[in-house]
>>> print(open('input_36.cif').read())   # mmCIF, C-alpha atoms (C1' of nucleotides)
data_coords
loop_
_atom_site.label_atom_id
_atom_site.label_comp_id
_atom_site.auth_asym_id
_atom_site.auth_seq_id
_atom_site.Cartn_x
_atom_site.Cartn_y
_atom_site.Cartn_z
CA MET L 74 15.75 -41.35 -46.31
CA VAL L 75 17.65 -43.74 -44.09
CA HIS L 76 17.81 -41.90 -40.76
CA ASP L 77 15.52 -38.84 -40.99
CA SER L 78 15.65 -38.04 -37.28
CA LEU L 79 15.34 -34.44 -36.14
CA SER L 80 16.76 -32.64 -33.12
CA ILE L 81 14.39 -30.51 -31.06
CA GLY L 82 15.92 -27.44 -32.70
CA ASP L 83 15.26 -28.80 -36.20
CA LEU L 84 11.67 -29.57 -35.27
CA ALA L 85 11.28 -26.09 -33.78
CA LYS L 86 12.54 -24.46 -36.97
CA ALA L 87 10.37 -26.67 -39.22
CA THR L 88 7.19 -25.78 -37.33
CA ALA L 89 7.97 -22.19 -36.26
CA THR L 90 7.66 -23.27 -32.64
CA LYS L 91 9.85 -22.40 -29.66
CA VAL L 92 11.96 -25.26 -28.31
CA GLU L 93 10.43 -24.67 -24.86
CA THR L 94 6.94 -25.02 -26.29
CA ILE L 95 7.78 -28.45 -27.74
CA ARG L 96 9.04 -29.63 -24.36
CA TYR L 97 5.89 -28.18 -22.79
CA TYR L 98 3.66 -30.13 -25.20
CA GLU L 99 5.57 -33.29 -24.31
CA ARG L 100 5.13 -32.61 -20.59
CA ILE L 101 1.34 -32.24 -20.90
CA GLY L 102 1.11 -35.33 -23.12
CA LEU L 103 0.21 -33.62 -26.41
CA LEU L 104 3.33 -34.97 -28.11
CA PRO L 105 4.59 -38.52 -27.44
CA THR L 106 7.93 -38.82 -25.64
CA PRO L 107 10.56 -39.15 -28.36
CA GLU L 108 13.57 -41.45 -28.52
CA ARG L 109 16.77 -40.19 -26.93
CA THR L 110 20.31 -40.22 -28.32
CA ALA L 111 23.33 -41.52 -26.40
CA GLY L 112 23.85 -37.97 -25.13
CA ASN L 113 20.22 -37.74 -23.90
CA TYR L 114 19.07 -35.48 -26.76
CA ARG L 115 15.47 -35.84 -28.01
CA SER L 116 15.26 -37.47 -31.44
CA TYR L 117 12.13 -36.86 -33.54
CA SER L 118 10.64 -38.60 -36.58
CA ALA L 119 8.50 -37.35 -39.47
CA ALA L 120 5.42 -38.49 -37.53
CA HIS L 121 6.31 -36.09 -34.72
CA LEU L 122 6.70 -33.32 -37.28
CA GLY L 123 3.23 -33.97 -38.71
CA ARG L 124 1.63 -34.09 -35.30
CA LEU L 125 3.29 -30.90 -34.09
CA SER L 126 2.35 -29.06 -37.31
CA PHE L 127 -1.25 -30.05 -36.71
CA VAL L 128 -1.17 -28.89 -33.10
CA ARG L 129 0.32 -25.52 -34.00
CA ARG L 130 -2.18 -24.83 -36.76
CA ALA L 131 -5.15 -25.93 -34.72
CA ARG L 132 -4.00 -23.71 -31.84
CA ASP L 133 -3.57 -20.81 -34.26
CA LEU L 134 -7.19 -21.34 -35.36
CA GLY L 135 -8.38 -20.79 -31.81
CA PHE L 136 -8.86 -24.38 -30.59
CA SER L 137 -7.97 -25.04 -26.95
CA ILE L 138 -5.41 -27.66 -25.95
CA ASP L 139 -8.26 -29.97 -24.92
CA GLN L 140 -10.00 -29.51 -28.27
CA VAL L 141 -6.72 -30.27 -30.05
CA ARG L 142 -6.42 -33.39 -27.91
CA ASP L 143 -9.90 -34.45 -29.09
CA LEU L 144 -9.03 -33.82 -32.72
CA LEU L 145 -5.79 -35.78 -32.38
CA GLY L 146 -7.80 -38.54 -30.75
CA LEU L 147 -9.82 -38.85 -33.97
CA SER L 148 -6.72 -40.09 -35.75
CA ASP L 149 -4.99 -41.83 -32.81
CA GLN L 150 -7.71 -44.07 -31.48
CA ARG L 151 -9.27 -45.53 -34.59
CA ASP L 152 -10.33 -48.56 -32.59
CA ARG L 153 -12.68 -46.36 -30.56
CA SER L 154 -16.41 -46.67 -30.90
CA CYS L 155 -17.75 -44.94 -33.94
CA GLU L 156 -20.36 -42.98 -32.00
CA ALA L 157 -17.75 -41.19 -29.88
CA VAL L 158 -15.65 -40.30 -32.91
CA ASP L 159 -18.73 -39.18 -34.79
CA ALA L 160 -19.83 -36.92 -31.94
CA ILE L 161 -16.43 -35.25 -31.68
CA ALA L 162 -16.17 -34.80 -35.43
CA ARG L 163 -19.69 -33.42 -35.75
CA GLU L 164 -19.24 -30.97 -32.89
CA ASN L 165 -15.96 -29.72 -34.28
CA LEU L 166 -17.32 -29.49 -37.81
CA ALA L 167 -20.04 -27.11 -36.63
CA GLU L 168 -17.46 -24.94 -34.89
CA VAL L 169 -15.14 -25.00 -37.91
CA GLU L 170 -17.98 -23.88 -40.18
CA ARG L 171 -18.88 -21.04 -37.85
CA LYS L 172 -15.26 -19.90 -37.81
CA ILE L 173 -15.06 -20.04 -41.59
CA ARG L 174 -18.18 -17.85 -41.86
CA ASP L 175 -16.75 -15.33 -39.37
CA LEU L 176 -13.42 -15.20 -41.17
CA GLN L 177 -15.11 -14.74 -44.53
CA ALA L 178 -17.06 -11.78 -43.13
CA LEU L 179 -13.84 -10.33 -41.76
CA ARG L 180 -12.09 -10.89 -45.10
CA ARG L 181 -14.86 -9.06 -46.96
CA GLU L 182 -14.55 -6.11 -44.61
CA LEU L 183 -10.75 -5.96 -44.78
CA GLY L 184 -10.97 -6.21 -48.56
CA SER L 185 -13.37 -3.30 -48.75
CA ILE L 186 -11.12 -1.19 -46.52
CA LEU L 187 -8.26 -1.87 -48.91
CA SER L 188 -10.32 -1.04 -52.00
CA GLN L 189 -11.43 2.26 -50.42
CA CYS L 190 -7.84 3.10 -49.62
CA GLY L 191 -5.60 5.15 -51.83
CA CYS L 192 -7.62 8.26 -51.08
CA GLY L 193 -7.32 10.18 -47.82
CA THR L 194 -9.42 8.72 -45.03
CA ILE L 195 -11.77 5.79 -44.69
CA ALA L 196 -15.24 6.56 -45.99
CA GLU L 197 -17.14 4.21 -43.73
CA CYS L 198 -15.69 1.33 -41.78
CA ARG L 199 -17.97 -1.56 -40.92
CA ILE L 200 -15.31 -3.80 -39.45
CA ILE L 201 -17.10 -4.16 -36.13
CA GLU L 202 -20.36 -5.03 -37.87
CA ALA L 203 -18.46 -7.73 -39.77
CA LEU L 204 -18.20 -9.86 -36.63
CA SER L 205 -21.32 -8.69 -34.83
CA PRO L 206 -24.18 -11.06 -33.92
CA THR L 207 -26.40 -9.88 -36.79
CA ALA L 208 -23.74 -11.06 -39.27
CA MET L 209 -24.35 -14.66 -38.23
CA MET D 116 -35.84 1.83 -28.16
CA VAL D 117 -35.78 4.68 -25.71
CA HIS D 118 -33.35 3.53 -23.03
CA ASP D 119 -31.63 0.41 -24.32
CA SER D 120 -28.97 0.30 -21.63
CA LEU D 121 -27.59 -3.03 -20.49
CA SER D 122 -26.19 -4.17 -17.16
CA ILE D 123 -22.88 -6.00 -17.18
CA GLY D 124 -24.79 -9.24 -16.65
CA ASP D 125 -27.03 -8.57 -19.67
CA LEU D 126 -23.98 -7.84 -21.80
CA ALA D 127 -22.29 -11.00 -20.54
CA LYS D 128 -25.32 -13.11 -21.47
CA ALA D 129 -25.68 -11.47 -24.89
CA THR D 130 -22.07 -12.17 -25.83
CA ALA D 131 -21.46 -15.46 -23.96
CA THR D 132 -18.73 -13.76 -21.95
CA LYS D 133 -17.96 -13.95 -18.24
CA VAL D 134 -18.68 -10.79 -16.26
CA GLU D 135 -15.10 -10.82 -15.00
CA THR D 136 -13.80 -10.90 -18.56
CA ILE D 137 -15.76 -7.77 -19.47
CA ARG D 138 -14.27 -5.94 -16.49
CA TYR D 139 -10.85 -7.25 -17.53
CA TYR D 140 -11.29 -5.87 -21.06
CA GLU D 141 -12.25 -2.52 -19.59
CA ARG D 142 -9.17 -2.52 -17.35
CA ILE D 143 -6.80 -3.15 -20.26
CA GLY D 144 -8.55 -0.55 -22.41
CA LEU D 145 -10.16 -2.86 -24.96
CA LEU D 146 -13.65 -1.68 -24.02
CA PRO D 147 -14.37 2.00 -23.25
CA THR D 148 -15.35 2.79 -19.67
CA PRO D 149 -19.15 2.76 -19.59
CA GLU D 150 -21.53 5.14 -17.88
CA ARG D 151 -22.43 4.38 -14.26
CA THR D 152 -25.83 4.36 -12.62
CA ALA D 153 -26.61 6.15 -9.35
CA GLY D 154 -25.71 2.91 -7.56
CA ASN D 155 -22.34 2.72 -9.35
CA TYR D 156 -23.41 -0.07 -11.71
CA ARG D 157 -21.90 -0.15 -15.22
CA SER D 158 -24.43 0.79 -17.93
CA TYR D 159 -23.76 -0.34 -21.49
CA SER D 160 -25.13 0.75 -24.88
CA ALA D 161 -25.66 -1.11 -28.16
CA ALA D 162 -22.25 0.19 -29.30
CA HIS D 163 -20.59 -1.62 -26.41
CA LEU D 164 -22.46 -4.77 -27.36
CA GLY D 165 -21.20 -4.59 -30.96
CA ARG D 166 -17.66 -3.92 -29.89
CA LEU D 167 -17.58 -6.74 -27.36
CA SER D 168 -19.10 -9.17 -29.87
CA PHE D 169 -16.34 -8.28 -32.29
CA VAL D 170 -13.65 -8.76 -29.65
CA ARG D 171 -15.00 -12.16 -28.59
CA ARG D 172 -15.27 -13.46 -32.13
CA ALA D 173 -11.86 -12.19 -33.15
CA ARG D 174 -10.34 -13.81 -30.03
CA ASP D 175 -12.13 -17.04 -30.84
CA LEU D 176 -10.56 -16.93 -34.30
CA GLY D 177 -7.09 -16.93 -32.74
CA PHE D 178 -6.23 -13.22 -32.86
CA SER D 179 -4.25 -11.85 -29.91
CA ILE D 180 -5.48 -8.93 -27.83
CA ASP D 181 -3.00 -6.67 -29.61
CA GLN D 182 -4.22 -7.83 -33.01
CA VAL D 183 -7.80 -7.19 -31.93
CA ARG D 184 -6.74 -3.73 -30.80
CA ASP D 185 -5.33 -3.10 -34.30
CA LEU D 186 -8.50 -4.30 -35.97
CA LEU D 187 -10.64 -2.14 -33.70
CA GLY D 188 -8.33 0.73 -34.56
CA LEU D 189 -9.33 0.38 -38.19
CA SER D 190 -12.83 1.48 -37.31
CA ASP D 191 -12.02 3.80 -34.40
CA GLN D 192 -9.39 6.05 -35.88
CA ARG D 193 -10.71 6.79 -39.33
CA ASP D 194 -8.80 10.05 -39.32
CA ARG D 195 -5.53 8.11 -39.31
CA SER D 196 -3.25 8.14 -42.31
CA CYS D 197 -4.38 5.83 -45.05
CA GLU D 198 -1.02 4.07 -45.32
CA ALA D 199 -1.12 2.88 -41.70
CA VAL D 200 -4.68 1.61 -42.01
CA ASP D 201 -3.85 -0.03 -45.32
CA ALA D 202 -0.84 -1.84 -43.85
CA ILE D 203 -2.83 -3.21 -40.92
CA ALA D 204 -5.71 -4.31 -43.14
CA ARG D 205 -3.41 -5.93 -45.69
CA GLU D 206 -1.42 -7.81 -43.07
CA ASN D 207 -4.54 -9.09 -41.39
CA LEU D 208 -6.17 -10.01 -44.69
CA ALA D 209 -3.28 -12.35 -45.48
CA GLU D 210 -3.60 -14.02 -42.09
CA VAL D 211 -7.37 -14.30 -42.40
CA GLU D 212 -7.03 -15.97 -45.80
CA ARG D 213 -4.48 -18.45 -44.44
CA LYS D 214 -6.82 -19.32 -41.57
CA ILE D 215 -9.74 -19.80 -43.96
CA ARG D 216 -7.65 -22.22 -46.04
CA ASP D 217 -6.61 -24.19 -42.92
CA LEU D 218 -10.18 -24.37 -41.66
CA GLN D 219 -11.45 -25.51 -45.04
CA ALA D 220 -8.91 -28.35 -45.03
CA LEU D 221 -10.00 -29.29 -41.52
CA ARG D 222 -13.66 -29.14 -42.55
CA ARG D 223 -13.01 -31.47 -45.49
CA GLU D 224 -11.33 -33.98 -43.19
CA LEU D 225 -14.01 -33.83 -40.51
CA GLY D 226 -16.63 -34.25 -43.22
CA SER D 227 -14.94 -37.34 -44.58
CA ILE D 228 -14.68 -38.84 -41.09
CA LEU D 229 -18.43 -38.36 -40.70
CA SER D 230 -19.22 -39.86 -44.10
CA GLN D 231 -17.09 -42.93 -43.27
CA CYS D 232 -18.89 -43.32 -39.98
CA GLY D 233 -21.93 -45.50 -39.44
CA CYS D 234 -19.83 -48.61 -39.88
CA GLY D 235 -17.53 -49.95 -37.15
CA THR D 236 -14.15 -48.24 -37.10
CA ILE D 237 -12.50 -45.53 -39.13
CA ALA D 238 -11.01 -46.82 -42.37
CA GLU D 239 -8.23 -44.30 -42.65
CA CYS D 240 -7.99 -41.00 -40.83
CA ARG D 241 -6.01 -38.20 -42.43
CA ILE D 242 -6.91 -35.53 -39.94
CA ILE D 243 -3.29 -34.75 -39.10
CA GLU D 244 -2.41 -34.48 -42.76
CA ALA D 245 -5.27 -31.98 -43.13
CA LEU D 246 -3.29 -29.32 -41.27
CA SER D 247 0.22 -30.43 -42.18
CA PRO D 248 2.61 -28.12 -44.09
CA THR D 249 2.09 -29.98 -47.39
CA ALA D 250 -1.60 -29.14 -47.28
CA MET D 251 -0.82 -25.46 -47.78
"C1'" DT F 235 44.22 -31.91 -27.15
"C1'" DA F 236 41.70 -28.30 -25.83
"C1'" DT F 237 38.78 -24.74 -26.24
"C1'" DG F 238 35.34 -22.44 -28.12
"C1'" DC F 239 30.60 -22.16 -29.73
"C1'" DA F 240 26.10 -23.74 -30.86
"C1'" DC F 241 23.13 -26.66 -29.27
"C1'" DC F 242 20.86 -29.70 -25.78
"C1'" DC F 243 19.26 -30.94 -20.77
"C1'" DT F 244 16.21 -30.08 -16.32
"C1'" DG F 245 14.41 -27.08 -13.56
"C1'" DT F 246 11.78 -22.77 -12.12
"C1'" DA F 247 9.97 -18.26 -12.62
"C1'" DG F 248 7.47 -14.90 -15.43
"C1'" DC F 249 3.83 -13.30 -18.78
"C1'" DA F 250 -0.81 -13.10 -21.31
"C1'" DA F 251 -5.48 -13.71 -21.04
"C1'" DC F 252 -8.61 -14.93 -18.52
"C1'" DT F 253 -11.33 -17.04 -14.21
"C1'" DA F 254 -12.62 -17.56 -9.54
"C1'" DC F 255 -13.22 -16.16 -5.09
"C1'" DA F 256 -13.54 -12.89 -0.83
"C1'" DG F 257 -15.73 -9.30 1.30
"C1'" DG F 258 -19.00 -6.08 0.74
"C1'" DG F 259 -22.82 -2.77 -1.52
"C1'" DT F 260 -27.50 -2.20 -4.49
"C1'" DC F 261 -32.16 -3.04 -5.39
"C1'" DA F 262 -36.70 -5.05 -6.69
"C1'" DA F 263 -40.01 -8.46 -4.69
"C1'" DG F 264 -42.54 -10.18 -1.25
"C1'" DC Q 35 -37.46 -4.81 5.99
"C1'" DT Q 36 -35.29 -8.71 4.69
"C1'" DT Q 37 -33.97 -12.05 1.25
"C1'" DG Q 38 -31.91 -13.24 -3.06
"C1'" DA Q 39 -30.05 -11.97 -7.34
"C1'" DC Q 40 -27.21 -8.99 -8.94
"C1'" DC Q 41 -23.31 -5.49 -8.80
"C1'" DC Q 42 -18.70 -3.43 -6.87
"C1'" DT Q 43 -13.26 -3.64 -6.01
"C1'" DG Q 44 -9.41 -6.35 -5.24
"C1'" DT Q 45 -6.49 -10.24 -5.37
"C1'" DA Q 46 -5.19 -14.90 -6.16
"C1'" DG Q 47 -5.38 -18.98 -9.23
"C1'" DT Q 48 -5.32 -21.35 -14.11
"C1'" DT Q 49 -3.92 -22.09 -18.90
"C1'" DG Q 50 -0.69 -21.93 -22.33
"C1'" DC Q 51 3.19 -20.67 -23.26
"C1'" DT Q 52 8.10 -18.09 -22.79
"C1'" DA Q 53 12.39 -16.85 -20.69
"C1'" DC Q 54 16.13 -17.58 -17.95
"C1'" DA Q 55 19.61 -20.15 -14.74
"C1'" DG Q 56 22.88 -23.54 -14.27
"C1'" DG Q 57 24.91 -27.13 -16.45
"C1'" DG Q 58 26.06 -31.07 -20.14
"C1'" DT Q 59 27.03 -32.53 -25.40
"C1'" DG Q 60 29.35 -32.42 -29.64
"C1'" DC Q 61 31.76 -30.78 -33.46
"C1'" DA Q 62 35.10 -27.73 -35.63
"C1'" DT Q 63 39.40 -25.63 -35.44
"C1'" DA Q 64 43.73 -23.60 -33.43
#
>>> encode(input="input_36.cif", output="structure tokens")
Amino acid sequence: MVHDSLSIGDLAKATATKVETIRYYERIGLLPTPERTAGNYRSYSAAHLGRLSFVRRARDLGFSIDQVRDLLGLSDQRDRSCEAVDAIARENLAEVERKIRDLQALRRELGSILSQCGCGTIAECRIIEALSPTAM
Amino acid sequence: MVHDSLSIGDLAKATATKVETIRYYERIGLLPTPERTAGNYRSYSAAHLGRLSFVRRARDLGFSIDQVRDLLGLSDQRDRSCEAVDAIARENLAEVERKIRDLQALRRELGSILSQCGCGTIAECRIIEALSPTAM
DNA sequence: TATGCACCCTGTAGCAACTACAGGGTCAAG
DNA sequence: CTTGACCCTGTAGTTGCTACAGGGTGCATA
């Protein structure tokens, strides 16, 4: 591992992201501006790869860009006051736990649809109930 | 429970949704067109409430409108062929399980940030690693 | 050496999924 | 009978991408 630098296309492939999306994240300050080659090509490191992977997964889990920024801030600004970090972490933890519960309910329901299947029609589908307020 | 009909504002409050968003969902066919009162106000039932709750939660979990439509289809069209339903359920189950794994990794990391806190600064933050490809 | 071809660059415009008015009607309370 | 909270339709703006247009880079290969 002497010069493990990635082109924007490599990074895009490695993270299943569109090249345009990476440039967009750079423009809005979610990814740091990378080095440039002699020919003005962006040149990324493993750190960029890790950060972009995180962003993509967090976005896929339904966090907004601003929430992702907060989460990234937890690792970026470790010289920040502990109270601020704690508040962000605590808030996000509660949301993460709620999402896990919702997804587990959805998984149960999808699983039961699959186990009913192999017959003709669905006996009784409770998929809407799975994510309804009473299932909290 | 004789006449449990809700105004659009009631429904909005009950599901933490903007009134405009509910009308938007109706326009794109995600919510059925409700009854109208004499004064042309939308009048919703408990079924609408359940459906909208489901939509909001699924959206919050990172599913696209089209994916939500598919999931709703699982409960709406129970006369559909079993193979189609099975395919949709199976595909979504895999995605749900991946999201649960990602959220659990994120929860672990947020939890460890909180347990470290109460001191001065963060010892070592692995929040990015929590959602990096190797954590799969 | 040149000439593809795949890739990169900076724009800018379009799309998805809301969100926020503008301009006006409905209705229960006082 | 009017005032304020709510509702209506319609359209324009915002967020988070996504897709070109018009052009440069760089390597293989004829």
>>> resolve_selection(input="input_36.cif", expression="the PyMOL selection byres ((chain L and resi 183) around 12)", output="JSON, numbers by chain")
{"L": [176, 177, 178, 179, 180, 181, 182, 184, 185, 186, 187, 188, 189, 190, 195, 198, 199, 200, 201, 202, 203, 204], "D": [186, 187, 189, 190, 200, 201, 202, 203, 204, 205, 206, 207, 208, 209, 210, 211, 212]}
>>> residues_near_point(input="input_36.cif", point="(-18.7, 0.8, -27.1)", cutoff="10 Å", atoms="all atoms listed in the file", output="list in words")
Leu145, Leu146, Pro147, Thr148, Pro149, Tyr159, Ser160, Ala161, Ala162, His163, Leu164, Gly165, Arg166 and Leu167 of chain D
>>> interface_residues(input="input_36.cif", of="chain D", to="chain Q", cutoff="10 Å", atoms="only C-alpha atoms (C1' of nucleotides)", output="number ranges by chain")
D: 122-124, 154-157
>>> resolve_selection(input="input_36.cif", expression="the PyMOL selection byres ((chain D) within 12 of (chain F))", output="list in words")
Thr132, Lys133, Val134, Glu135, Thr136, Ile137, Arg138, Tyr139, Tyr140, Ile143, Thr152, Ala153, Gly154, Asn155, Tyr156, Arg174, Phe178, Ser179, Ile180 and Asp181 of chain D
>>> closest_residue(input="input_36.cif", among="L:Arg174, L:Ala157, L:Val141, L:Ser126", to="chain D", atoms="only C-alpha atoms")
L:Ser126
>>> atom_distance(input="input_36.cif", atom1="atom CA of Gly135 of chain L", atom2="atom CA of Asp185 of chain D")
18.1 Å
>>> atom_distance(input="input_36.cif", atom1="atom CA of Arg171 of chain L", atom2="atom CA of Ser247 of chain D")
21.7 Å
>>> atom_distance(input="input_36.cif", atom1="atom CA of Ser78 of chain L", atom2="atom CA of Ser116 of chain L")
5.9 Å
>>> closest_residue(input="input_36.cif", among="L:Arg109, L:Arg100, L:Lys86, L:Lys172", to="chain D", atoms="only C-alpha atoms")
L:Lys172
>>> axis_aligned_box(input="input_36.cif", around="segment 135-140 of chain D", padding_each_side="3 Å", output="lines of an AutoDock Vina configuration file")
center_x = -13.3
center_y = -8.4
center_z = -18.0
size_x = 10.9
size_y = 11.0
size_z = 12.1
